[in-house]
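Peer 1: Structure below; questions to follow.
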Amino acid sequence: VEDLVFVIIFQCLLAPLVSYLDLGYRLKGLQRRKLTDEKLQAFNANLALGPPKSREEDQERKKVLAEIAFFKKAYRPTAMNNPRRYATALKNFIVCLLYTPLLPWLSLVGALGLVVQYCLDKYLLVRWMSRPDRQANSNMSMFALRAVKYVAPLGLAVSAFVFLCPSSQDKDAIWSNFYLSAIFALVVSFLMPYSVWSKICLPCFASLSDNVMEEDYYQAQYMWPKEMKYHKDQFIYKKLPDSVNPEILRVGVD
């Protein structure tokens, strides 16, 4: 049990701090040292010449652009690994939940671990991590929500039965409590829709307003770069010229 507690505490509280180090960015330190003031001046001098006028100048320009792209990549921080972050949060939550009947204070460790990961991920996402090449959608968050909805209630009932039954003298009471909690968990997991969950849980974390309107595509397009706009990234639309498929769409025109 002591080894298990040590592993859970380490995974919940200390393992998330590894992402703060950004080891991938630090390993590229040797590449960043190759960029000197002399190279920067050479790059600027080559780009100031304008369009290449000969084959040799064109090859030299391509070489310079390749080196610039290399150093941009070397100075670019690591992007947020969303699948790993979701997997880590789910793992810590479910493990602490399953072992809560054995050690009730592990629920506090799991809650603290989620808070630490949330604060750390928010700081890195806003202050340090680079913009991902493609914007993530809601599939991972919905999968995590379904996993918690289906696994957590029934898993807690089963773990309580497994850990408490061997140490209890009144087996009949343990079995009756297990049947009752299992039926309640099945109802909550498989019969209660998300709309009921949202009406119960959302008022505890956010204020809902009927006057709030969702932004449509015409308004949201101003917040996205060109490569994240659907009409400029979709494999058919992006081949169209700007005269037919402009970057900024206007209502009633495009």
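Chain labels follow the order of the structure tokens: the first chain is A, the next B, and so on; residue numbering restarts at 1 in every chain, and ligands are counted from 1 in their shown order.
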Name the residues in contact with range 103-106 of chain A at a cut-off of 12 Å, using only C-alpha atoms, excluding same-chain residues fewer than 4 positions from it; report them as a ChimeraX atom specification.
Peer 2: /A:1-2,4-9,12-13,92-99,110-113,156,159-160,163-164
Peer 1: Ranking A:Leu30, A:Phe184, A:Leu90, A:Pro166 by minimum distance to Phe143 in chain A and counting only C-alpha atoms, which one comes first?
Peer 2: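 Comparing A:Leu30, A:Phe184, A:Leu90, A:Pro166 against Phe143 in chain A, the winner is A:Leu90.
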Peer 1: Identify, on the basis of only C-alpha atoms, every residue whose closest approach to Asp133 in chain A does not exceed 10 Å; exclude the query and any residue fewer than 4 positions from it along the same chain; express the result as a count of residues only.
Peer 2: 3
